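Visitor: Shown below is the structure under consideration.
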Number of protein chains: 2
Amino acid sequence: MPKIVDHEKRKEHIAEAVWRLVRREGIEGASVRRVAEEAGLTLGALRHYFDAQNDLLAYAMRLLIRRVGARIDGLALTGQARADMELIIAQLAPLDQERLAEAEVWLAFAGKAVSDPAIRALSQEAHEALYDGFKRMIAALSERGLARPGIDTELEARLLHALVDGLVVHYTTYAEHLDPAGLMRIVSSHLDGLFRAD
Amino acid sequence: MPKIVDHEKRKEHIAEAVWRLVRREGIEGASVRRVAEEAGLTLGALRHYFDAQNDLLAYAMRLLIRRVGARIDGLALTGQARADMELIIAQLAPLDQERLAEAEVWLAFAGKAVSDPAIRALSQEAHEALYDGFKRMIAALSERGLARPGIDTELEARLLHALVDGLVVHYTTYAEHLDPAGLMRIVSSHLDGLFRAD
DNA sequence: CTTATTATAATACGATTGTATTATTAAAAA
DNA sequence: TTTTTAATAATACAATCGTATTATAATAAG
């Protein structure tokens with residue numbers, strides 16, 4: 001066998017080149033040739049890692065989902081429900097350059113999901129995982145008696161999920177005009193209504 | 001001069017061809033040749049209406065914004081704040097096939113806005129108009145004493161705006177698995193918290 | 001009726017696209 | 001060391017891309 005460098009590491013390096021191109025020139029700018037150039041490979045070398053452009057784009061999106069998921073899983077949670085919820089939500093929001101980059105790439109893929117079945121399936125997969133996460137968090141609140149009595153768990157989960165994703169869209173598209181801190185203030189304000197009044 | 005048919009009507013007809021292509025094959029599928037074919041024109045005829053592809057795409061997005069705006073402006077409002085708010089929000093949501101089509105095209109353009117400055121500017125323009133609308137609605141509630149006391153108008157406007165757009169994204173990307181009626185139930189549930197408790 | 005203008009059509013240009021093929025290099029396995 | 005296999009490179013192909021040019025048809029204005 002050849003090189004010592006891990007095969008998967010190379011694929012991730014290529015996927016990151018896809019991200020940069022998608023941010024700068026849109027998804028249609030992520031042609032196989034441009035990606036190869038951006039990653040410092042020749043066309044043939046790129047083809048060795050990805051048989052088709054579809055695979056390349058799907059992998060780039062999957063890696064994005066995995067990266068965000070890993071950051072959430074690696075979080076040092078406090079055990080305090082309210083703080084932990086905000087901590088998790090903050091990982092999804094474009095609060096710094098790294099997360100803004102992620103959000104931009106995500107938004108570009110979300111747009112392509114309209115017409116591309118493979119991307120759409122990935123999009124839905126991530127959607128469901130996120131919804132389940134929110135649902136579990138809110139159910140946990142109710143079970144521990146922390147939530148405002150009488151709330152509908154699934155409805156509140158969908159509401160919070162939509163609010164977070166909507167804020168991500170707004171603060172990504174409108175990043176030049178909005179203060180990132182405002183995003184978490186809005187989230188916090190909504191969570192106020194979710195918790196039992198003291 | 002030639003044909004009796006209005007010049008602007010033709011451009012709208014072409015823009016609608018762009019919408020259909022964007023839905024079916026994504027924005028990169030809206031090449032000038034495909035658009036011409038979809039609209040029943042030759043390449044030269046299309047070029048007579050739009051000098052460049054940029055103009056074509058920008059016009060298609062502008063028309064989309066105008067169509068939604070016109071539908072809202074043409075609404076027969078009841079004068080009842082709560083009902084009118086839901087009526088307006090319903091015009092933005094993918095509740096039927098026509099509005100689902102609009103939402104899909106909007107989402108595709110939102111994705112392109114990441115890398116295309118012209119589309120991004122249009123996106124921001126529509127964003128601001130919508131935000132202002134929500135802000136005025138909520139300010140009107142407060143002035144009429146209908147809103148829950150002590151609310152922050154701008155924060156509540158951003159929150160509602162993000163919630164609505166987030167729901168549009170979710171119910172568009174996830175249309176096969178979600179009941180459109182659920183969207184308005186979630187909106188309604190949020191509005192409950194905005195109005196003064198009786 | 002002639003002229004000017006708008007609309008449509010046909011064709012061409014260079015560039016870029018995704019994919020495929022073939023050959024060469026290098027590292028691991030036998 | 002020989003063999004096998006992963007990796008890279010170079011080149012080619014047909015298709016499509018955005019844009020430009022030129023010519024023709026049709027309608028309105030003079």
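Letters A, B, ... mark the chains of the structure tokens in the order given; residue numbers begin at 1 per chain; ligand numbers begin at 1, in order shown.
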If we count only C-alpha atoms (C1' of nucleotides), what is near range 5-21 of chain D at a cut-off of 12 Å, once residues fewer than 2 positions away on the same chain are taken out, given as a PyMOL selection string?
Guide: (chain A and resi 1-7+10+28+40-49) or (chain B and resi 28-34+43-44+47+50-54) or (chain C and resi 10-29) or (chain D and resi 3+23)
Visitor: Once DSSP has gone over the backbone, tell me which residues of chain B are in helix (DSSP H, G or I), as a PyMOL selection string.
Guide: chain B and resi 7-25+27-29+32-39+43-49+53-73+81-92+97-112+117-143+153-173+180-194
Visitor: Residues of chain A within 7 Å of chain B, counting only C-alpha atoms - could you list those as an MDAnalysis selection string?
Guide: chainID A and resid 23:26 28 104 107:112 114:115 124 155 159 162:163 165:167 170 173:174 186
Visitor: So the first atom is CA of Arg62 in chain B and the second is CA of Trp19 in chain B; what is the distance between them in Å, to one decimal place?
Guide: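 According to the coordinates, CA of Arg62 in chain B and CA of Trp19 in chain B are separated by 11.6 Å.
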Visitor: Within 8 Å of chain B, which residues of chain C show up? Give each one with its shortest atom-to-atom distance in Å (one decimal) and the two atoms involved, counting only C-alpha atoms (C1' of nucleotides), rows by chain then rising residue number, as a Markdown table.
Guide:
```
| residue | atom | partner | partner_atom | distance |
| --- | --- | --- | --- | --- |
| C:DT5 | C1' | B:Met1 | CA | 5.8 |
| C:DT6 | C1' | B:Met1 | CA | 5.2 |
| C:DA7 | C1' | B:Pro2 | CA | 6.4 |
| C:DT8 | C1' | B:Ala45 | CA | 5.4 |
| C:DA9 | C1' | B:Gly44 | CA | 6.6 |
```
Visitor: With a distance threshold of 7 Å and counting only C-alpha atoms (C1' of nucleotides), extract the residues of chain D near chain B and express them as a compact mmCIF listing (two decimals) with N, CA and C atoms (P, O5', C5', C4', C3', O3' and C1' of nucleotides), in the first residue's frame.
Guide:
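Saved result, out.txt, follows:
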```txt
# COMPACT_ATOMS: atom_id res chain seq x y z
P DA D 26 -43.17 37.24 -40.50
O5' DA D 26 -43.62 38.40 -39.51
C5' DA D 26 -43.31 38.28 -38.12
C4' DA D 26 -43.50 39.61 -37.44
C3' DA D 26 -44.72 40.40 -37.92
O3' DA D 26 -45.44 40.86 -36.80
C1' DA D 26 -42.82 41.77 -37.92
P DT D 27 -47.04 41.11 -36.91
O5' DT D 27 -47.21 42.53 -36.22
C5' DT D 27 -46.61 42.77 -34.95
C4' DT D 27 -46.02 44.16 -34.89
C3' DT D 27 -47.02 45.31 -35.14
O3' DT D 27 -47.19 46.00 -33.93
C1' DT D 27 -44.90 45.72 -36.10
P DA D 28 -48.48 46.96 -33.70
O5' DA D 28 -47.80 48.40 -33.66
C5' DA D 28 -46.85 48.67 -32.64
C4' DA D 28 -45.99 49.86 -33.05
C3' DA D 28 -46.76 51.16 -33.30
O3' DA D 28 -46.17 52.20 -32.55
C1' DA D 28 -45.31 50.70 -35.11
```
Visitor: Grab the CA of Leu64 in chain B to CA of Glu102 in chain B distance for me, in Å with one decimal place.
Guide: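 A separation of 7.1 Å between them.
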Visitor: Would you mind listing what lies within 8 Å of range 84-92 of chain B as a ChimeraX atom specification, with only C-alpha atoms (C1' of nucleotides) counted and same-chain residues fewer than 3 positions away left out?
Guide: /B:68,71-72,75,77-81,95,99,103,137,164,168,184,187-188
Visitor: Once you have the residues from the selection above, write them out as a compact mmCIF listing (two decimals), in the first residue's frame, restricted to N, CA and C atoms.
Guide:
```
# COMPACT_ATOMS: atom_id res chain seq x y z
N VAL B 68 -45.24 37.74 -3.55
CA VAL B 68 -45.65 37.50 -2.16
C VAL B 68 -46.14 38.80 -1.53
N ARG B 71 -49.57 39.63 -2.69
CA ARG B 71 -50.61 38.79 -2.08
C ARG B 71 -50.95 39.29 -0.68
N ILE B 72 -49.91 39.72 0.03
CA ILE B 72 -50.14 40.26 1.38
C ILE B 72 -50.89 41.59 1.30
N LEU B 75 -54.60 41.37 0.75
CA LEU B 75 -55.36 40.62 1.76
C LEU B 75 -56.53 41.45 2.30
N LEU B 77 -58.03 42.26 5.23
CA LEU B 77 -57.78 42.16 6.67
C LEU B 77 -59.05 42.43 7.46
N THR B 78 -59.14 41.78 8.61
CA THR B 78 -60.37 41.86 9.39
C THR B 78 -60.38 43.03 10.38
N GLY B 79 -59.18 43.54 10.67
CA GLY B 79 -59.10 44.56 11.70
C GLY B 79 -58.82 43.94 13.06
N GLN B 80 -59.03 42.65 13.16
CA GLN B 80 -58.70 41.95 14.40
C GLN B 80 -57.22 41.55 14.34
N ALA B 81 -56.47 42.10 15.27
CA ALA B 81 -55.01 41.97 15.22
C ALA B 81 -54.55 40.52 15.12
N LEU B 95 -48.20 26.36 2.65
CA LEU B 95 -49.43 25.67 3.07
C LEU B 95 -50.15 25.00 1.90
N ARG B 99 -47.69 28.07 -2.66
CA ARG B 99 -46.77 28.66 -1.69
C ARG B 99 -45.59 27.75 -1.38
N ALA B 103 -41.77 28.88 -1.70
CA ALA B 103 -40.83 28.66 -0.60
C ALA B 103 -39.59 27.90 -1.08
N MET B 137 -46.34 45.37 13.39
CA MET B 137 -47.48 44.62 13.93
C MET B 137 -47.40 44.53 15.44
N VAL B 164 -40.93 32.23 12.02
CA VAL B 164 -41.67 32.03 10.78
C VAL B 164 -40.73 31.52 9.68
N VAL B 168 -40.73 27.92 7.76
CA VAL B 168 -40.79 27.82 6.30
C VAL B 168 -39.68 26.88 5.80
N MET B 184 -49.17 26.25 11.24
CA MET B 184 -49.97 27.35 11.78
C MET B 184 -50.33 27.12 13.24
N VAL B 187 -47.30 28.48 15.02
CA VAL B 187 -47.35 29.95 14.99
C VAL B 187 -48.37 30.45 15.99
N SER B 188 -49.53 29.85 15.96
CA SER B 188 -50.61 30.28 16.84
C SER B 188 -50.21 30.13 18.31
```
Visitor: Between CA of Ala197 in chain A and CA of Arg136 in chain B, what is the distance in Å, rounded to a tenth?
Guide: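 It comes out at 28.7 Å.
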